[in-house]
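Dumped run-v6.cif below, it's mmCIF, C-alpha atoms:
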data_target
loop_
_atom_site.label_atom_id
_atom_site.label_comp_id
_atom_site.auth_asym_id
_atom_site.auth_seq_id
_atom_site.Cartn_x
_atom_site.Cartn_y
_atom_site.Cartn_z
CA MET A 27 -1.45 28.39 -0.35
CA THR A 28 -1.12 32.07 -0.97
CA ASP A 29 -1.43 33.82 -4.25
CA THR A 30 2.05 35.06 -5.02
CA LEU A 31 1.16 36.39 -8.45
CA SER A 32 -0.52 39.73 -8.86
CA ASP A 33 -1.92 41.87 -11.65
CA TRP A 34 -4.38 39.31 -12.93
CA ASN A 35 -6.38 40.02 -16.04
CA LEU A 36 -9.35 38.18 -17.43
CA LEU A 37 -8.86 37.08 -21.01
CA THR A 38 -12.07 36.19 -22.85
CA LEU A 39 -12.04 34.50 -26.25
CA VAL A 40 -15.11 33.66 -28.31
CA GLY A 41 -15.31 32.26 -31.80
CA ALA A 42 -16.18 29.41 -34.12
CA ASP A 43 -14.89 26.14 -32.71
CA ARG A 44 -11.96 24.33 -34.29
CA PRO A 45 -9.17 22.13 -33.01
CA GLY A 46 -5.99 23.83 -31.81
CA ILE A 47 -7.33 27.12 -30.47
CA VAL A 48 -6.20 26.54 -26.88
CA SER A 49 -2.70 25.45 -27.85
CA ARG A 50 -2.18 28.38 -30.21
CA VAL A 51 -3.45 30.97 -27.75
CA THR A 52 -1.63 29.59 -24.71
CA ARG A 53 1.62 29.33 -26.68
CA VAL A 54 1.41 33.06 -27.46
CA LEU A 55 0.64 33.82 -23.81
CA TYR A 56 3.58 31.71 -22.66
CA GLU A 57 5.91 33.45 -25.09
CA CYS A 58 4.66 36.77 -23.68
CA GLY A 59 5.75 35.64 -20.22
CA CYS A 60 2.19 35.29 -18.92
CA ASN A 61 1.17 32.94 -16.14
CA LEU A 62 -2.20 31.24 -16.36
CA GLY A 63 -4.52 30.88 -13.38
CA GLU A 64 -8.05 29.54 -13.31
CA ALA A 65 -9.71 28.88 -16.64
CA SER A 66 -13.10 27.85 -17.88
CA MET A 67 -13.55 26.66 -21.43
CA ILE A 68 -16.87 25.47 -22.70
CA ARG A 69 -18.52 25.09 -26.08
CA LEU A 70 -21.81 26.91 -26.27
CA GLY A 71 -24.04 26.18 -29.23
CA GLY A 72 -21.04 24.70 -31.02
CA ASN A 73 -18.99 27.84 -30.45
CA PHE A 74 -15.71 28.06 -28.64
CA THR A 75 -15.63 30.14 -25.45
CA ILE A 76 -12.91 30.44 -22.85
CA MET A 77 -12.19 32.70 -19.91
CA LEU A 78 -8.65 32.62 -18.58
CA MET A 79 -6.99 34.32 -15.66
CA VAL A 80 -3.76 35.70 -17.07
CA SER A 81 -1.08 37.41 -15.06
CA ASP A 82 0.92 39.78 -17.15
CA ALA A 83 4.63 40.24 -17.35
CA ARG A 84 4.00 42.88 -20.03
CA PRO A 85 1.49 45.71 -20.56
CA GLU A 86 -1.98 44.68 -21.68
CA THR A 87 -1.57 46.30 -25.07
CA GLU A 88 1.46 44.14 -25.84
CA ILE A 89 -0.46 40.99 -24.98
CA LEU A 90 -3.37 42.04 -27.15
CA ASP A 91 -0.97 42.84 -29.99
CA ALA A 92 0.71 39.46 -29.62
CA LEU A 93 -2.66 37.68 -29.69
CA ALA A 94 -4.03 39.70 -32.60
CA PRO A 95 -2.55 37.58 -35.45
CA VAL A 96 -3.79 34.33 -33.91
CA ALA A 97 -7.20 35.84 -33.22
CA GLU A 98 -7.39 37.10 -36.77
CA GLU A 99 -6.40 33.74 -38.23
CA LEU A 100 -8.77 31.74 -36.02
CA GLY A 101 -11.64 34.23 -36.12
CA LEU A 102 -11.67 34.85 -32.36
CA ARG A 103 -13.05 37.88 -30.55
CA ILE A 104 -10.89 38.94 -27.61
CA HIS A 105 -11.36 40.88 -24.38
CA LEU A 106 -8.66 41.55 -21.84
CA ASP A 107 -9.97 43.12 -18.67
CA PRO A 108 -8.30 43.85 -15.33
CA LEU A 109 -9.42 41.46 -12.64
CA SER A 110 -9.75 42.28 -8.98
CA GLY A 111 -9.00 39.37 -6.70
CA GLY A 112 -6.72 36.43 -7.23
CA LEU A 113 -6.54 32.65 -7.07
CA HIS A 114 -8.36 30.57 -4.46
CA GLN A 115 -11.21 33.00 -3.88
CA HIS A 116 -13.65 30.13 -3.74
CA LEU A 117 -16.76 29.95 -1.66
CA MET A 118 -17.78 26.31 -1.48
CA PRO A 119 -21.31 25.54 -2.72
CA ASN A 120 -23.52 23.75 -0.22
CA VAL A 121 -26.78 23.58 -2.19
CA GLN A 122 -27.64 22.33 -5.65
CA VAL A 123 -30.80 23.42 -7.44
CA ARG A 124 -31.90 21.44 -10.50
CA VAL A 125 -34.57 23.00 -12.68
CA THR A 126 -36.44 21.33 -15.53
CA GLY A 127 -39.43 22.60 -17.45
CA ALA A 128 -41.03 23.25 -20.80
CA ASP A 129 -38.86 25.91 -22.37
CA ARG A 130 -40.32 29.37 -22.00
CA ALA A 131 -38.92 32.82 -21.42
CA GLY A 132 -38.44 33.84 -17.80
CA ILE A 133 -37.60 30.55 -16.09
CA VAL A 134 -34.13 31.69 -15.05
CA ALA A 135 -35.38 35.07 -13.89
CA ASP A 136 -38.18 33.48 -11.86
CA VAL A 137 -36.03 30.84 -10.17
CA THR A 138 -33.07 33.07 -9.47
CA GLU A 139 -35.30 35.85 -8.16
CA ILE A 140 -36.76 33.49 -5.57
CA LEU A 141 -33.26 32.29 -4.67
CA ALA A 142 -32.02 35.86 -4.37
CA GLU A 143 -34.88 36.67 -1.98
CA GLN A 144 -33.64 33.76 0.15
CA GLY A 145 -30.15 35.25 0.24
CA PHE A 146 -28.88 32.42 -1.97
CA ASN A 147 -25.49 33.11 -3.53
CA ILE A 148 -25.23 31.52 -7.00
CA LEU A 149 -21.70 30.20 -7.55
CA GLU A 150 -22.18 28.07 -10.64
CA LEU A 151 -24.92 28.00 -13.24
CA GLU A 152 -25.22 25.97 -16.39
CA SER A 153 -28.19 25.41 -18.59
CA ASP A 154 -29.18 23.68 -21.78
CA VAL A 155 -32.21 23.28 -23.98
CA ALA A 156 -33.09 19.65 -24.62
CA GLY A 157 -36.14 17.80 -25.93
CA GLU A 158 -37.62 17.89 -29.38
CA ARG A 159 -37.56 20.94 -31.58
CA GLU A 160 -41.35 21.38 -31.28
CA ARG A 161 -41.34 20.72 -27.53
CA PRO A 162 -38.09 22.05 -26.10
CA VAL A 163 -37.22 21.45 -22.45
CA TYR A 164 -35.11 23.87 -20.45
CA ILE A 165 -32.67 22.29 -17.99
CA MET A 166 -30.68 24.32 -15.49
CA ASN A 167 -28.25 23.35 -12.76
CA ILE A 168 -27.31 25.85 -10.10
CA GLN A 169 -24.81 25.38 -7.32
CA GLY A 170 -24.53 27.95 -4.63
CA TYR A 171 -24.21 28.87 -1.01
CA SER A 172 -27.12 29.40 1.36
CA ASP A 173 -27.58 29.67 5.11
CA ARG A 174 -31.19 28.49 4.83
CA THR A 175 -32.23 24.88 5.20
CA ILE A 176 -32.92 22.72 2.14
CA GLU A 177 -36.57 22.58 3.25
CA ALA A 178 -36.86 26.38 3.45
CA LEU A 179 -35.39 26.79 -0.02
CA ALA A 180 -37.62 24.06 -1.44
CA ASP A 181 -40.69 25.71 0.14
CA ALA A 182 -39.78 29.06 -1.36
CA LEU A 183 -39.53 27.45 -4.80
CA VAL A 184 -42.92 25.68 -4.57
CA PRO A 185 -44.66 28.40 -6.67
CA MET A 186 -42.50 27.32 -9.62
CA ALA A 187 -44.41 24.02 -9.76
CA ALA A 188 -47.60 25.91 -10.58
CA ARG A 189 -45.75 27.42 -13.51
CA GLY A 190 -44.92 23.98 -14.90
CA VAL A 191 -41.31 23.96 -13.75
CA SER A 192 -39.86 21.13 -11.71
CA VAL A 193 -37.30 22.20 -9.11
CA ASP A 194 -35.19 19.88 -6.97
CA VAL A 195 -33.11 21.24 -4.11
CA SER A 196 -30.41 19.04 -2.60
CA PRO A 197 -27.33 19.47 -0.44
CA VAL A 198 -23.83 19.52 -1.89
CA ASP A 199 -21.64 17.62 0.51
CA VAL A 200 -17.98 18.30 -0.06
CA LEU A 201 -15.95 15.35 1.11
CA ILE A 202 -12.49 16.12 2.48
CA GLY A 203 -10.34 13.04 2.90
CA MET B 9 1.21 11.17 19.91
CA ALA B 10 2.31 13.43 17.11
CA ILE B 11 0.89 15.43 14.25
CA LEU B 12 2.56 14.07 11.13
CA ASP B 13 3.44 15.96 7.96
CA ILE B 14 0.95 15.46 5.17
CA LEU B 15 2.34 14.78 1.70
CA LYS B 16 0.93 17.22 -0.82
CA LEU B 17 0.68 17.26 -4.57
CA PRO B 18 2.94 17.06 -6.59
CA ASP B 19 4.86 14.76 -4.21
CA GLN B 20 5.43 11.62 -6.29
CA ARG B 21 5.24 9.41 -3.20
CA LEU B 22 1.46 9.90 -3.25
CA LYS B 23 1.47 7.65 -6.33
CA GLN B 24 3.05 4.77 -4.44
CA VAL B 25 1.04 1.59 -3.86
CA SER B 26 0.96 0.72 -0.16
CA GLU B 27 1.84 -2.67 1.32
CA PRO B 28 -0.51 -4.78 3.43
CA VAL B 29 -0.19 -4.67 7.21
CA ASP B 30 1.00 -8.01 8.56
CA SER B 31 1.76 -7.35 12.18
CA PHE B 32 -0.83 -5.99 14.56
CA ASP B 33 1.44 -4.77 17.31
CA GLN B 34 1.99 -1.76 19.53
CA SER B 35 3.81 0.14 16.79
CA LEU B 36 0.69 -0.16 14.61
CA ARG B 37 -1.47 1.18 17.44
CA ASP B 38 0.98 4.03 18.02
CA PHE B 39 0.93 4.93 14.36
CA ILE B 40 -2.88 4.86 14.24
CA ALA B 41 -2.96 7.27 17.19
CA ASP B 42 -0.64 9.66 15.35
CA LEU B 43 -2.64 9.33 12.14
CA GLU B 44 -5.84 10.16 14.01
CA GLU B 45 -4.27 13.18 15.67
CA THR B 46 -3.07 14.34 12.25
CA ARG B 47 -6.59 13.97 10.80
CA LEU B 48 -8.12 15.95 13.64
CA ALA B 49 -5.54 18.72 13.28
CA GLY B 50 -6.60 19.29 9.67
CA PRO B 51 -9.56 21.08 8.12
CA GLY B 52 -12.44 18.78 8.97
CA ALA B 53 -11.34 15.67 7.09
CA VAL B 54 -13.71 12.71 7.45
CA GLY B 55 -10.89 10.35 6.62
CA ILE B 56 -7.17 9.93 6.25
CA ALA B 57 -4.99 7.23 4.73
CA ALA B 58 -1.53 6.19 5.93
CA PRO B 59 0.30 7.02 2.66
CA GLN B 60 -0.83 10.64 3.08
CA VAL B 61 1.73 10.83 5.88
CA ALA B 62 4.39 8.83 3.97
CA HIS B 63 3.60 5.57 5.77
CA PHE B 64 3.02 3.18 2.89
CA ARG B 65 0.85 0.61 4.60
CA ARG B 66 -2.81 -0.20 3.93
CA ILE B 67 -4.32 1.72 6.84
CA VAL B 68 -7.28 4.10 6.73
CA ILE B 69 -9.18 6.02 9.38
CA LEU B 70 -12.75 7.04 8.65
CA ASP B 71 -15.00 8.97 10.98
CA LEU B 72 -18.48 10.16 10.10
CA SER B 73 -19.71 10.02 13.70
CA SER B 74 -20.26 13.78 13.70
CA ARG B 75 -22.85 13.43 10.90
CA PRO B 76 -25.90 11.90 12.56
CA LYS B 77 -28.09 12.38 9.49
CA THR B 78 -25.66 10.49 7.25
CA PRO B 79 -25.88 6.69 7.44
CA ASN B 80 -22.50 5.60 8.79
CA HIS B 81 -20.61 3.18 11.00
CA GLY B 82 -19.03 5.85 13.20
CA HIS B 83 -15.32 5.90 13.80
CA LEU B 84 -13.52 3.15 11.88
CA VAL B 85 -9.94 2.00 11.67
CA LEU B 86 -9.69 -0.03 8.46
CA ILE B 87 -6.61 -2.21 7.98
CA ASN B 88 -6.05 -3.99 4.66
CA PRO B 89 -9.50 -2.86 3.46
CA GLU B 90 -10.96 -4.34 0.32
CA ILE B 91 -14.14 -3.45 -1.55
CA THR B 92 -15.87 -6.66 -2.58
CA HIS B 93 -18.97 -5.27 -4.26
CA TRP B 94 -19.88 -2.04 -6.04
CA GLU B 95 -23.30 -0.77 -7.03
CA GLY B 96 -24.67 2.39 -8.60
CA PHE B 97 -22.79 5.56 -9.31
CA ALA B 98 -23.16 9.20 -8.44
CA MET B 99 -21.19 12.36 -8.78
CA GLY B 100 -20.03 14.25 -5.74
CA ARG B 101 -17.59 16.97 -4.84
CA GLU B 102 -14.34 15.96 -3.19
CA GLY B 103 -11.36 17.67 -1.70
CA CYS B 104 -8.26 16.23 -0.07
CA LEU B 105 -5.72 17.07 2.62
CA SER B 106 -3.06 16.27 0.02
CA VAL B 107 -4.53 18.65 -2.57
CA PRO B 108 -5.10 21.99 -0.84
CA ASP B 109 -7.33 24.68 -2.35
CA TYR B 110 -9.06 22.49 -4.89
CA THR B 111 -12.27 20.50 -5.04
CA GLY B 112 -13.60 18.60 -8.01
CA ASN B 113 -16.41 16.33 -9.12
CA VAL B 114 -15.81 12.60 -8.87
CA ILE B 115 -18.01 9.65 -9.76
CA ARG B 116 -18.16 6.95 -7.07
CA ALA B 117 -20.20 3.84 -6.45
CA THR B 118 -23.20 4.59 -4.23
CA GLN B 119 -23.31 1.24 -2.43
CA ILE B 120 -20.41 -0.97 -1.53
CA ARG B 121 -19.52 -3.98 0.55
CA LEU B 122 -16.22 -3.72 2.34
CA LYS B 123 -14.09 -6.13 4.29
CA ALA B 124 -11.31 -4.89 6.50
CA GLN B 125 -9.38 -5.81 9.62
CA ASP B 126 -9.41 -3.70 12.75
CA ALA B 127 -6.34 -2.66 14.75
CA ASP B 128 -6.29 -6.09 16.41
CA GLY B 129 -6.36 -7.95 13.10
CA VAL B 130 -9.99 -9.07 13.42
CA GLU B 131 -11.82 -9.07 10.09
CA HIS B 132 -15.14 -7.21 9.70
CA GLN B 133 -17.63 -6.78 6.87
CA TYR B 134 -19.46 -3.53 6.23
CA GLU B 135 -22.29 -2.47 3.95
CA MET B 136 -21.92 1.20 3.12
CA GLU B 137 -23.87 3.70 1.09
CA GLY B 138 -23.80 7.31 -0.03
CA PHE B 139 -21.34 9.65 1.61
CA GLU B 140 -19.68 6.96 3.72
CA ALA B 141 -19.20 4.73 0.66
CA ARG B 142 -17.73 7.71 -1.19
CA ALA B 143 -15.36 8.48 1.67
CA VAL B 144 -14.11 4.88 1.79
CA GLN B 145 -13.49 4.84 -1.95
CA HIS B 146 -11.58 8.13 -1.69
CA GLU B 147 -9.36 6.79 1.10
CA LEU B 148 -8.79 3.37 -0.49
CA ASP B 149 -7.63 5.12 -3.64
CA HIS B 150 -4.77 6.59 -1.58
CA LEU B 151 -3.61 3.03 -0.80
CA ASP B 152 -3.30 2.38 -4.52
CA GLY B 153 -1.52 5.63 -5.28
CA LEU B 154 -4.57 7.42 -6.67
CA LEU B 155 -5.79 10.89 -5.80
CA PHE B 156 -9.25 12.26 -6.48
CA VAL B 157 -7.69 14.58 -9.06
CA ASP B 158 -6.97 11.40 -11.07
CA ARG B 159 -10.72 10.78 -11.20
CA VAL B 160 -12.17 14.26 -11.65
CA VAL B 161 -14.89 14.37 -14.27
CA SER B 162 -16.91 16.97 -16.09
CA ARG B 163 -20.25 17.69 -14.50
CA ARG B 164 -21.71 18.29 -17.91
CA THR B 165 -20.89 15.06 -19.68
CA ASP B 166 -19.26 12.34 -17.66
CA LEU B 167 -21.97 11.15 -15.32
CA TYR B 168 -23.79 9.26 -18.03
CA ARG B 169 -20.81 7.50 -19.55
CA ARG B 170 -19.62 5.19 -16.85
CA LYS B 171 -21.49 2.26 -15.49
CA VAL B 172 -18.83 -0.04 -14.12
CA TYR B 173 -16.75 1.55 -11.45
CA LYS B 174 -12.99 0.95 -11.19
#
Render the structure in this file as structure tokens.
Amino acid sequence: MTDTLSDWNLLTLVGADRPGIVSRVTRVLYECGCNLGEASMIRLGGNFTIMLMVSDARPETEILDALAPVAEELGLRIHLDPLSGGLHQHLMPNVQVRVTGADRAGIVADVTEILAEQGFNILELESDVAGERERPVYIMNIQGYSDRTIEALADALVPMAARGVSVDVSPVDVLIG
Amino acid sequence: MAILDILKLPDQRLKQVSEPVDSFDQSLRDFIADLEETRLAGPGAVGIAAPQVAHFRRIVILDLSSRPKTPNHGHLVLINPEITHWEGFAMGREGCLSVPDYTGNVIRATQIRLKAQDADGVEHQYEMEGFEARAVQHELDHLDGLLFVDRVVSRRTDLYRRKVYK
């Protein structure tokens, strides 16, 4: 499939979570003549966050003006930025890296630095802090693309064990059927 | 032999439930040959189901023979396949010839028992695990009018909710 739409923008909305945000915002976008592409909505720390690919039938300023009343009413902060690239620009992840350890500053930097040295391309990253308040545990899941073997990546990450962080490297097998 | 057209979303025929095969004749063998050629013409599909080419019979081809490290039964033609036992569950990423340009996370049973007839009508039993079990479940869904997009789950929350599959 080819991307027949052009002039994509990235719309970012952040604010306190409440029901109805997506419907209100997308209604305004629809009435502005916008098409929606890929989107990622997730609640972070109980807050609402969404990033939406929006292709504009109107100038950016008009879209921002149209969204302003809804944003004001719902307490949302808005960004609308031009986006290079279009739909279906996906590189498929072939490796998953799961990281767990006592929460301390620097885990992400340490793990991703090692991965970067291996030429590992991070495509998805999500993390959370679990455990008890006095003994928090940091959990991170990374999916990405690498030419190296699982064993080579696991070897490179061995030093993390000495820092009290458990790292599991496994293949992501995409099934096409 | 011929490369057949693959139905693609949102073609409503993909939701159709396929009928059992009752005659194991030359026309069945001819169709299987076409279905296999269609699978091989595509982008590396490990399986294909008859309804994907608008032939609404319970026929599936599965071939993991090119994956020596993955436990598998090689090239299989599965007629009237039926899963008789499910165990475990795991999330994995799936794509589909009928859903171009999209992959998503799906929870599948990790171990299954399967009974199916071959192209001559002889019944076989299989024990399958991991990737092969996932592939069979994906293809059998097609026979019941289900696509993997009907089963996509959130990586963040859904893995821990479901115990019983199906």
(request) Using the chain letters and residue numbers of this document, give as a ChimeraX atom specification the residues selected by the PyMOL selection byres ((chain B) within 10 of (chain A)). (result) /B:47,50-57,60,69-70,100-113,139-140,142-144,146-147,150,156,163-164
(message) On this structure, the PyMOL selection byres ((chain A and resi 80-87) around 12) would catch which residues? List them as number ranges by chain, sorted by chain and number.
(response) A: 29-38, 51-52, 54-65, 77-79, 88-94, 105-113
Can you spell out as an mmCIF file with C-alpha atoms, in the coordinates of the input the set of residues that the PyMOL selection byres ((chain A and resi 44-50) around 10) selects in the structure I just provided?
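Result file out27.cif:
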data_model
loop_
_atom_site.group_PDB
_atom_site.id
_atom_site.type_symbol
_atom_site.label_atom_id
_atom_site.label_comp_id
_atom_site.auth_asym_id
_atom_site.auth_seq_id
_atom_site.Cartn_x
_atom_site.Cartn_y
_atom_site.Cartn_z
ATOM 1 C CA LEU A 39 -12.040 34.500 -26.250
ATOM 2 C CA GLY A 41 -15.310 32.260 -31.800
ATOM 3 C CA ALA A 42 -16.180 29.410 -34.120
ATOM 4 C CA ASP A 43 -14.890 26.140 -32.710
ATOM 5 C CA VAL A 51 -3.450 30.970 -27.750
ATOM 6 C CA THR A 52 -1.630 29.590 -24.710
ATOM 7 C CA ARG A 53 1.620 29.330 -26.680
ATOM 8 C CA VAL A 54 1.410 33.060 -27.460
ATOM 9 C CA LEU A 55 0.640 33.820 -23.810
ATOM 10 C CA MET A 67 -13.550 26.660 -21.430
ATOM 11 C CA GLY A 72 -21.040 24.700 -31.020
ATOM 12 C CA ASN A 73 -18.990 27.840 -30.450
ATOM 13 C CA PHE A 74 -15.710 28.060 -28.640
ATOM 14 C CA ILE A 76 -12.910 30.440 -22.850
ATOM 15 C CA LEU A 93 -2.660 37.680 -29.690
ATOM 16 C CA VAL A 96 -3.790 34.330 -33.910
ATOM 17 C CA ALA A 97 -7.200 35.840 -33.220
ATOM 18 C CA LEU A 100 -8.770 31.740 -36.020
ATOM 19 C CA LEU A 102 -11.670 34.850 -32.360
#
(request) Excluding B:Glu45 and any residue of its chain fewer than 5 positions from it, enumerate the residues within 9 Å of it, using all atoms listed in the file, and give them as a ChimeraX atom specification. (result) /B:9-12,40,50
So which residues fall inside 8 Å of (-22.1, 26.8, -0.6) if we count only C-alpha atoms? Mind giving them as a compact mmCIF listing (two decimals) with C-alpha atoms, keeping the file's coordinate frame?
# COMPACT_ATOMS: atom_id res chain seq x y z
CA LEU A 117 -16.76 29.95 -1.66
CA MET A 118 -17.78 26.31 -1.48
CA PRO A 119 -21.31 25.54 -2.72
CA ASN A 120 -23.52 23.75 -0.22
CA VAL A 121 -26.78 23.58 -2.19
CA ASN A 147 -25.49 33.11 -3.53
CA LEU A 149 -21.70 30.20 -7.55
CA GLN A 169 -24.81 25.38 -7.32
CA GLY A 170 -24.53 27.95 -4.63
CA TYR A 171 -24.21 28.87 -1.01
CA SER A 172 -27.12 29.40 1.36
CA VAL A 198 -23.83 19.52 -1.89
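When atom CA of B:Gly138 is paired with atom CA of B:Pro76, their separation reads 13.6 Å.
Atom CA of A:Asp129 to atom CA of A:Glu150 spans 20.5 Å [interatomic distance, one decimal].
Distance check against B:Val85 using only C-alpha atoms: of B:Leu48, B:Ala41, B:Ile14, B:Ser26, the minimum falls on B:Ala41.
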(request) Would you kindly identify which residues have an atom no farther than 8 Å from (2.1, 15.1, 1.5), using all atoms listed in the file and the file's own coordinates, and write them out as number ranges by chain? (result) B: 13-17, 19, 22, 60-62, 106
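The residue that comes closest to A:Val191, out of A:Asp136, A:Glu143, A:Glu160, A:Asp173 and on the basis of only C-alpha atoms, is A:Asp136.
Rounded to one decimal, atom CA of A:Val184 and atom CA of A:Gly127 lie 13.7 Å from each other.
Contact shell of B:Lys23 at 8 Å (only C-alpha atoms; same-chain neighbours under 3 positions omitted): Gln20, His150, Asp152, Gly153, Leu154 and Leu155 of chain B.
Nearest residue to A:Arg189 among A:Thr75, A:Arg124, A:Ile133, A:Arg69 is A:Ile133, counting all atoms listed in the file.
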